[in-house]
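Remarks on the structure that follows.
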Amino acid sequence: MTLILTRSDVLAMIDAPEVAAAVRAAHADLARGAAVAPAPPAMRLPGSESTFLAMVAASRPAGLAAVKLLADIPDNRERGLPAQRSTILAVSAEDGSCAALIDGAAVTRVRTAAASAVATAELARADSRTLGFIGAGALAHAHLAALRSVREFDRVLVWSRTEATARTFAEATGAEMVSTAEKVVRTADVVCTLTPAREPVVHGAWFAPGLHVNAVGAPPRPDHREIDTEGIRRARVVVDSRLTAAHESGDVLIPLREGAIGAEHFADEIGEIVVGAKPGRADDAQITLYNSLGIGLQDLAAARLLIDAARTRGLGTEIELAS
């Protein structure tokens, strides 16, 4: 039987701490060779800005293979629709039967924040107390909850290009609104960039010693980035996947094309740090940056949790596709 999980089903079950633990374990599995996550092919329709990515993964420990089809459609903003939509298809790694079809919106948001929490736990200074957000939408809310689980932040700063969005976030969370992105970066110990930027909104000249950045928001396109070349050059960059970064991360590919960095500058994966194969933060002065593209293995890890929870709780709809 195939389990169908709608967005409301997902929201009723998804548990952020459980997802964070699962994402951490999934990256460890990737580093140990127990899971695979190839670079996703990007399909752009001729004459259109729309891009479709097939984010694939397979995991022996999870017993699943999965693909999340991500549709990145910039024109949707003018239609009042989300620019990104996604659906996850999971099959049994043992016999190939279709295990589940899951709406990807909430899964993507929670697993993305979970990955940033894993990176922050490994790379941010232990005494980090001020958290800053560049961007104040749904991802910021998810990140605030996730990052507070790994560091005891007592001050939160927020800036957004849309002042009303920043104000709504501040009123809901108690964060302090600030007037510029530069002030967020210069003040915070940990910064999360959560914007759909094409051109840099954060500059490396603002980076103070000891800063940790989670660069999350730029769409998965080699010509889009949130961080300028100087920021990438100054930071020790850790990626979720070397293969994915080398195909679709404008944050590292643009500096690479400019000759400011070499491929070795983004050779470290977060899973390698989790398992101790690569070092974490070198010292309190080091600037670290987690380049988060998002990989299908993170979606697979969340899907495994949701499938198990749904069957335990009797949620979702089961159908027989092969009938």
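Residue numbering restarts at 1 in every chain; chains get A, B, ... in the order shown in the structure tokens, and ligands count up from 1 in that same order.
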When DSSP is applied to the backbone of this structure, which of segment 113-262 of chain A are assigned strand (DSSP E)? Write them out as a list in words. Thr130, Leu131, Gly132, Phe133, Ile134, Arg155, Val156, Leu157, Val158, Trp159, Glu176, Met177, Val190, Val191, Cys192, Thr193, His212, Val213, Asn214, Ala215, Arg236, Val237, Val238 and Val239 of chain A
Between segment 201-288 of chain A and segment 100-113 of chain A, at 10 Å or less, what are the per-residue closest atom pairs and their distances in Å? Count only C-alpha atoms, order by chain and rising residue number, and return it as JSON lines.
```
{"residue": "A:Asn214", "atom": "CA", "partner": "A:Ala113", "partner_atom": "CA", "distance": 9.7}
{"residue": "A:Val216", "atom": "CA", "partner": "A:Thr112", "partner_atom": "CA", "distance": 8.0}
{"residue": "A:Gly217", "atom": "CA", "partner": "A:Thr112", "partner_atom": "CA", "distance": 9.8}
```
Could you build a table of the residues in segment 116-198 of chain A lying no more than 12 Å from segment 266-276 of chain A, giving for each the nearest pair of atoms and their separation in Å rounded to one decimal place, using only C-alpha atoms, ordered by chain and ascending residue number, as a Markdown table?
```
| residue | atom | partner | partner_atom | distance |
| --- | --- | --- | --- | --- |
| A:Ser116 | CA | A:Ile270 | CA | 10.1 |
| A:Ala117 | CA | A:Ile270 | CA | 11.3 |
| A:Val118 | CA | A:Ile270 | CA | 8.2 |
| A:Ala119 | CA | A:Ile270 | CA | 6.7 |
| A:Thr120 | CA | A:Ile270 | CA | 10.3 |
| A:Ala121 | CA | A:Val274 | CA | 9.7 |
| A:Glu122 | CA | A:Val274 | CA | 7.2 |
| A:Leu123 | CA | A:Ile273 | CA | 9.1 |
```
If we count only C-alpha atoms and set the cut-off at 10 Å, which residues sit around Arg32 of chain A, ignoring sequence neighbours fewer than 2 positions away in its own chain? Please answer as an mmCIF file with N, CA and C atoms, in the first residue's frame.
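Result went into result_24.cif, see below:
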```
data_model
loop_
_atom_site.group_PDB
_atom_site.id
_atom_site.type_symbol
_atom_site.label_atom_id
_atom_site.label_comp_id
_atom_site.auth_asym_id
_atom_site.auth_seq_id
_atom_site.Cartn_x
_atom_site.Cartn_y
_atom_site.Cartn_z
ATOM 1 N N ALA A 26 21.406 11.270 8.999
ATOM 2 C CA ALA A 26 21.465 11.068 7.551
ATOM 3 C C ALA A 26 22.786 11.582 6.983
ATOM 4 N N HIS A 27 23.241 12.744 7.452
ATOM 5 C CA HIS A 27 24.523 13.266 6.974
ATOM 6 C C HIS A 27 25.679 12.377 7.437
ATOM 7 N N ALA A 28 25.558 11.811 8.626
ATOM 8 C CA ALA A 28 26.574 10.861 9.085
ATOM 9 C C ALA A 28 26.576 9.621 8.193
ATOM 10 N N ASP A 29 25.391 9.119 7.832
ATOM 11 C CA ASP A 29 25.296 7.968 6.936
ATOM 12 C C ASP A 29 25.945 8.277 5.588
ATOM 13 N N LEU A 30 25.732 9.496 5.090
ATOM 14 C CA LEU A 30 26.334 9.893 3.815
ATOM 15 C C LEU A 30 27.856 9.871 3.917
ATOM 16 N N ALA A 34 26.849 4.863 3.816
ATOM 17 C CA ALA A 34 25.634 4.063 3.964
ATOM 18 C C ALA A 34 24.439 4.671 3.239
ATOM 19 N N ALA A 35 24.638 5.854 2.659
ATOM 20 C CA ALA A 35 23.585 6.528 1.902
ATOM 21 C C ALA A 35 24.220 7.236 0.716
ATOM 22 N N VAL A 36 23.411 7.516 -0.292
ATOM 23 C CA VAL A 36 23.888 8.234 -1.476
ATOM 24 C C VAL A 36 22.949 9.390 -1.767
ATOM 25 N N GLY A 271 28.464 16.271 7.095
ATOM 26 C CA GLY A 271 28.460 14.913 7.626
ATOM 27 C C GLY A 271 29.845 14.445 8.035
ATOM 28 N N GLU A 272 30.871 14.876 7.317
ATOM 29 C CA GLU A 272 32.239 14.512 7.669
ATOM 30 C C GLU A 272 32.645 15.111 9.013
ATOM 31 N N VAL A 275 30.835 13.054 11.888
ATOM 32 C CA VAL A 275 31.444 11.764 12.232
ATOM 33 C C VAL A 275 32.909 11.903 12.654
ATOM 34 N N ALA A 277 35.466 12.928 10.751
ATOM 35 C CA ALA A 277 36.436 12.747 9.670
ATOM 36 C C ALA A 277 37.090 14.056 9.270
#
```
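Note that atom CA of Leu70 of chain A and atom CA of Glu94 of chain A are 25.2 Å apart.
Comparing the minimum interatomic distances between Gly63 of chain A and each of A:Ala99, A:Ala263, A:Leu211, A:Ala39, counting only C-alpha atoms, we find that A:Ala99 sits nearest.
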Atom CA of Arg44 of chain A and atom CA of Ile88 of chain A are how many Å apart? 19.7 Å
So that I can see what lies close to Glu248 of chain A, please list as a PyMOL selection string the residues with an atom at most 9 Å from it, counting only C-alpha atoms and leaving out residues fewer than 4 positions away in the same chain. chain A and resi 39-40+42+219-224+243-244+252-253+293
Output N, CA, C and O atoms for every residue in that selection, as a CSV table (one decimal), in the first residue's frame.
```
chain,number,residue,atom,x,y,z
A,39,ALA,N,24.0,14.6,-7.2
A,39,ALA,CA,23.7,16.0,-7.6
A,39,ALA,C,22.4,15.9,-8.4
A,39,ALA,O,22.2,15.1,-9.3
A,40,PRO,N,21.4,16.8,-8.1
A,40,PRO,CA,20.1,16.8,-8.8
A,40,PRO,C,20.2,17.4,-10.2
A,40,PRO,O,20.9,18.5,-10.3
A,42,ALA,N,19.0,19.7,-13.1
A,42,ALA,CA,18.1,20.9,-13.2
A,42,ALA,C,17.6,20.9,-14.6
A,42,ALA,O,18.3,20.9,-15.6
A,219,PRO,N,18.0,30.6,-4.3
A,219,PRO,CA,17.5,29.4,-5.0
A,219,PRO,C,18.7,28.6,-5.6
A,219,PRO,O,19.8,29.1,-5.8
A,220,PRO,N,18.4,27.3,-5.8
A,220,PRO,CA,19.5,26.4,-6.3
A,220,PRO,C,19.8,26.6,-7.8
A,220,PRO,O,19.4,25.8,-8.7
A,221,ARG,N,20.5,27.7,-8.0
A,221,ARG,CA,20.8,28.1,-9.4
A,221,ARG,C,22.3,28.7,-9.3
A,221,ARG,O,22.6,29.4,-8.4
A,222,PRO,N,23.1,28.3,-10.3
A,222,PRO,CA,24.5,28.8,-10.2
A,222,PRO,C,24.8,30.2,-10.4
A,222,PRO,O,25.9,30.7,-10.2
A,223,ASP,N,23.7,31.0,-10.8
A,223,ASP,CA,23.9,32.5,-10.9
A,223,ASP,C,23.2,33.3,-9.8
A,223,ASP,O,23.0,34.5,-9.9
A,224,HIS,N,22.7,32.6,-8.8
A,224,HIS,CA,22.1,33.3,-7.7
A,224,HIS,C,22.9,33.1,-6.4
A,224,HIS,O,23.5,32.0,-6.2
A,243,LEU,N,28.9,17.5,-4.3
A,243,LEU,CA,28.3,17.3,-5.6
A,243,LEU,C,27.2,18.3,-5.9
A,243,LEU,O,27.2,18.9,-7.0
A,244,THR,N,26.4,18.6,-5.0
A,244,THR,CA,25.3,19.6,-5.2
A,244,THR,C,25.9,21.0,-5.3
A,244,THR,O,25.5,21.7,-6.2
A,252,VAL,N,29.2,29.6,-4.1
A,252,VAL,CA,30.6,29.2,-4.3
A,252,VAL,C,31.0,29.1,-5.8
A,252,VAL,O,32.2,29.3,-6.1
A,253,LEU,N,30.1,28.9,-6.7
A,253,LEU,CA,30.5,28.8,-8.1
A,253,LEU,C,30.9,30.1,-8.7
A,253,LEU,O,31.8,30.2,-9.5
A,293,LEU,N,22.4,24.0,0.5
A,293,LEU,CA,21.6,23.9,-0.8
A,293,LEU,C,20.3,23.1,-0.5
A,293,LEU,O,19.3,23.3,-1.2
```
If you run DSSP on the backbone here, which positions in segment 213-306 of chain A get alpha helix (DSSP H)? Please write them as a PyMOL selection string. chain A and resi 229-234+242-248+250-258+270-274+296-306
Please provide as number ranges by chain all residues within 10 Å of Ile261 of chain A, with the sequence filter that same-chain residues fewer than 5 positions apart are discarded (counting only C-alpha atoms). A: 229-230, 232-234, 252-256, 266
Keeping only N, CA and C atoms, take the residues you just selected and write them out as a compact mmCIF listing (two decimals), in the first residue's frame.
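See part_13.txt below for the written result:
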```
# COMPACT_ATOMS: atom_id res chain seq x y z
N THR A 229 31.61 37.54 -2.94
CA THR A 229 32.84 36.77 -3.10
C THR A 229 33.76 36.92 -1.90
N GLU A 230 33.88 38.13 -1.36
CA GLU A 230 34.75 38.36 -0.22
C GLU A 230 34.29 37.57 1.00
N ILE A 232 32.69 34.64 0.98
CA ILE A 232 33.06 33.24 0.77
C ILE A 232 34.57 33.07 0.94
N ARG A 233 35.33 34.00 0.40
CA ARG A 233 36.80 33.89 0.48
C ARG A 233 37.29 33.92 1.93
N ARG A 234 36.67 34.75 2.77
CA ARG A 234 37.13 34.90 4.15
C ARG A 234 36.70 33.76 5.06
N VAL A 252 29.19 29.62 -4.13
CA VAL A 252 30.57 29.17 -4.30
C VAL A 252 31.01 29.14 -5.76
N LEU A 253 30.09 28.92 -6.69
CA LEU A 253 30.48 28.81 -8.09
C LEU A 253 30.90 30.14 -8.69
N ILE A 254 30.26 31.22 -8.27
CA ILE A 254 30.65 32.53 -8.80
C ILE A 254 32.06 32.91 -8.35
N PRO A 255 32.39 32.81 -7.05
CA PRO A 255 33.79 33.06 -6.65
C PRO A 255 34.77 32.09 -7.31
N LEU A 256 34.35 30.86 -7.56
CA LEU A 256 35.21 29.90 -8.23
C LEU A 256 35.51 30.36 -9.66
N PHE A 266 35.52 24.54 -0.81
CA PHE A 266 34.22 24.00 -0.35
C PHE A 266 34.24 22.48 -0.42
```
What lies within 12 Å of Val190 of chain A using only C-alpha atoms, ignoring chain neighbours under 4 positions off, as a VMD selection string? chain A and resid 116 to 117 119 to 121 123 to 134 143 to 144 147 to 148 150 to 153 155 to 158 184 to 186 207 to 215 287 to 290
Kindly export the residues of the current selection with C-alpha atoms, as a tab-separated table (two decimals), in the first residue's frame.
```
chain	number	residue	atom	x	y	z
A	116	SER	CA	21.18	24.71	9.87
A	117	ALA	CA	20.86	23.62	13.51
A	119	ALA	CA	25.74	23.03	11.24
A	120	THR	CA	25.40	25.62	14.02
A	121	ALA	CA	25.98	22.98	16.68
A	123	LEU	CA	30.55	25.22	13.74
A	124	ALA	CA	29.29	28.15	15.83
A	125	ARG	CA	31.20	29.35	18.89
A	126	ALA	CA	29.96	27.75	22.11
A	127	ASP	CA	29.42	31.21	23.62
A	128	SER	CA	27.24	32.49	20.74
A	129	ARG	CA	24.37	34.47	22.24
A	130	THR	CA	23.12	36.80	19.49
A	131	LEU	CA	21.27	35.34	16.51
A	132	GLY	CA	20.60	37.39	13.38
A	133	PHE	CA	18.19	36.85	10.49
A	134	ILE	CA	18.42	38.32	7.00
A	143	HIS	CA	15.15	28.46	12.09
A	144	LEU	CA	14.54	30.30	15.34
A	147	LEU	CA	18.69	27.01	16.45
A	148	ARG	CA	17.48	27.69	19.97
A	150	VAL	CA	21.50	24.02	20.00
A	151	ARG	CA	22.54	27.42	21.43
A	152	GLU	CA	21.13	29.57	24.24
A	153	PHE	CA	20.49	32.75	22.28
A	155	ARG	CA	19.11	38.22	21.65
A	156	VAL	CA	17.58	37.92	18.18
A	157	LEU	CA	17.94	40.52	15.42
A	158	VAL	CA	16.01	40.64	12.17
A	184	VAL	CA	22.60	42.30	11.68
A	185	VAL	CA	25.85	40.79	10.40
A	186	ARG	CA	28.17	43.07	12.37
A	207	PHE	CA	32.27	39.66	8.94
A	208	ALA	CA	33.79	39.87	12.41
A	209	PRO	CA	36.15	37.20	13.74
A	210	GLY	CA	34.23	34.25	15.18
A	211	LEU	CA	31.08	34.72	13.08
A	212	HIS	CA	29.11	31.72	11.87
A	213	VAL	CA	26.80	32.10	8.85
A	214	ASN	CA	24.11	29.72	7.62
A	215	ALA	CA	23.64	30.69	3.95
A	287	ILE	CA	34.78	32.62	10.41
A	288	THR	CA	32.62	29.67	9.37
A	289	LEU	CA	29.89	29.43	6.74
A	290	TYR	CA	27.48	26.58	6.10
```
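Each of A:Glu226, A:Asp284, A:Asp240, A:Glu258 was checked against Gly296 of chain A using only C-alpha atoms; the smallest atom-to-atom distance is that of A:Asp240.
Near Arg311 of chain A, within 12 Å and counting only C-alpha atoms, sit Met1, Thr2, Leu3, Ile4, Leu5, Asp9, Met13, Ala99, Ala100, Arg304, Leu305, Leu306, Ile307, Asp308, Ala309, Arg313, Gly314, Leu315, Gly316, Thr317 and Glu318 of chain A; same-chain residues fewer than 2 positions away were not included.
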For the residues in the current selection, export N, CA, C and O atoms as a short mmCIF file (atom, residue, chain, number, x, y, z; two decimals), in the first residue's frame.
```cif
data_model
loop_
_atom_site.label_atom_id
_atom_site.label_comp_id
_atom_site.auth_asym_id
_atom_site.auth_seq_id
_atom_site.Cartn_x
_atom_site.Cartn_y
_atom_site.Cartn_z
N MET A 1 0.84 -1.20 0.00
CA MET A 1 0.00 0.00 0.00
C MET A 1 0.88 1.25 0.00
O MET A 1 1.96 1.27 0.60
N THR A 2 0.38 2.28 -0.67
CA THR A 2 1.08 3.56 -0.74
C THR A 2 0.39 4.56 0.17
O THR A 2 -0.83 4.74 0.11
N LEU A 3 1.16 5.22 1.01
CA LEU A 3 0.64 6.19 1.96
C LEU A 3 0.67 7.58 1.34
O LEU A 3 1.71 8.03 0.85
N ILE A 4 -0.46 8.26 1.33
CA ILE A 4 -0.55 9.63 0.84
C ILE A 4 -0.62 10.56 2.04
O ILE A 4 -1.53 10.44 2.88
N LEU A 5 0.34 11.49 2.14
CA LEU A 5 0.35 12.44 3.24
C LEU A 5 0.21 13.86 2.70
O LEU A 5 1.08 14.35 1.98
N ASP A 9 -1.63 16.61 7.00
CA ASP A 9 -1.12 15.41 7.67
C ASP A 9 0.30 15.64 8.18
O ASP A 9 0.63 15.30 9.32
N MET A 13 2.00 15.93 12.27
CA MET A 13 2.93 14.93 12.79
C MET A 13 4.37 15.40 12.92
O MET A 13 5.11 14.88 13.76
N ALA A 99 6.24 3.48 -1.24
CA ALA A 99 5.90 3.59 0.17
C ALA A 99 5.03 4.80 0.46
O ALA A 99 4.09 4.71 1.26
N ALA A 100 5.33 5.93 -0.16
CA ALA A 100 4.58 7.14 0.20
C ALA A 100 4.72 8.22 -0.86
O ALA A 100 5.72 8.30 -1.58
N ARG A 304 10.99 9.20 6.24
CA ARG A 304 11.01 7.98 7.06
C ARG A 304 10.28 8.21 8.38
O ARG A 304 9.48 7.36 8.81
N LEU A 305 10.55 9.34 9.02
CA LEU A 305 9.87 9.66 10.28
C LEU A 305 8.37 9.77 10.08
O LEU A 305 7.58 9.25 10.88
N LEU A 306 7.97 10.47 9.02
CA LEU A 306 6.54 10.72 8.79
C LEU A 306 5.80 9.42 8.45
O LEU A 306 4.67 9.21 8.90
N ILE A 307 6.41 8.57 7.65
CA ILE A 307 5.77 7.30 7.30
C ILE A 307 5.53 6.47 8.55
O ILE A 307 4.44 5.92 8.78
N ASP A 308 6.56 6.38 9.39
CA ASP A 308 6.43 5.58 10.61
C ASP A 308 5.39 6.18 11.56
O ASP A 308 4.58 5.46 12.15
N ALA A 309 5.41 7.51 11.70
CA ALA A 309 4.45 8.17 12.59
C ALA A 309 3.02 8.01 12.08
O ALA A 309 2.09 7.76 12.86
N ARG A 313 -0.02 6.25 14.10
CA ARG A 313 -1.16 7.07 14.52
C ARG A 313 -2.39 6.93 13.65
O ARG A 313 -3.44 7.53 13.93
N GLY A 314 -2.29 6.18 12.59
CA GLY A 314 -3.44 5.97 11.71
C GLY A 314 -3.79 7.21 10.89
O GLY A 314 -4.97 7.42 10.58
N LEU A 315 -2.80 8.00 10.50
CA LEU A 315 -3.03 9.20 9.72
C LEU A 315 -2.68 8.96 8.26
O LEU A 315 -1.99 7.99 7.91
N GLY A 316 -3.13 9.86 7.41
CA GLY A 316 -2.87 9.73 5.99
C GLY A 316 -3.90 8.84 5.30
O GLY A 316 -4.80 8.30 5.94
N THR A 317 -3.72 8.68 4.00
CA THR A 317 -4.62 7.86 3.19
C THR A 317 -3.79 6.80 2.48
O THR A 317 -2.77 7.12 1.85
N GLU A 318 -4.21 5.55 2.57
CA GLU A 318 -3.47 4.48 1.90
C GLU A 318 -4.24 4.01 0.67
O GLU A 318 -5.47 3.81 0.71
#
```
So how far away is atom CA of Ala83 of chain A from atom CA of Phe52 of chain A, in Å? 11.7 Å
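Of the residues listed (A:Gln84, A:Ser149, A:Gln286, A:Thr180), A:Gln84 shows the shortest atom-to-atom separation from Pro196 of chain A; distances use only C-alpha atoms.
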Residue among A:Leu89, A:Val237, A:Met177, A:Val23 lying closest to Gly280 of chain A, counting only C-alpha atoms: A:Val237
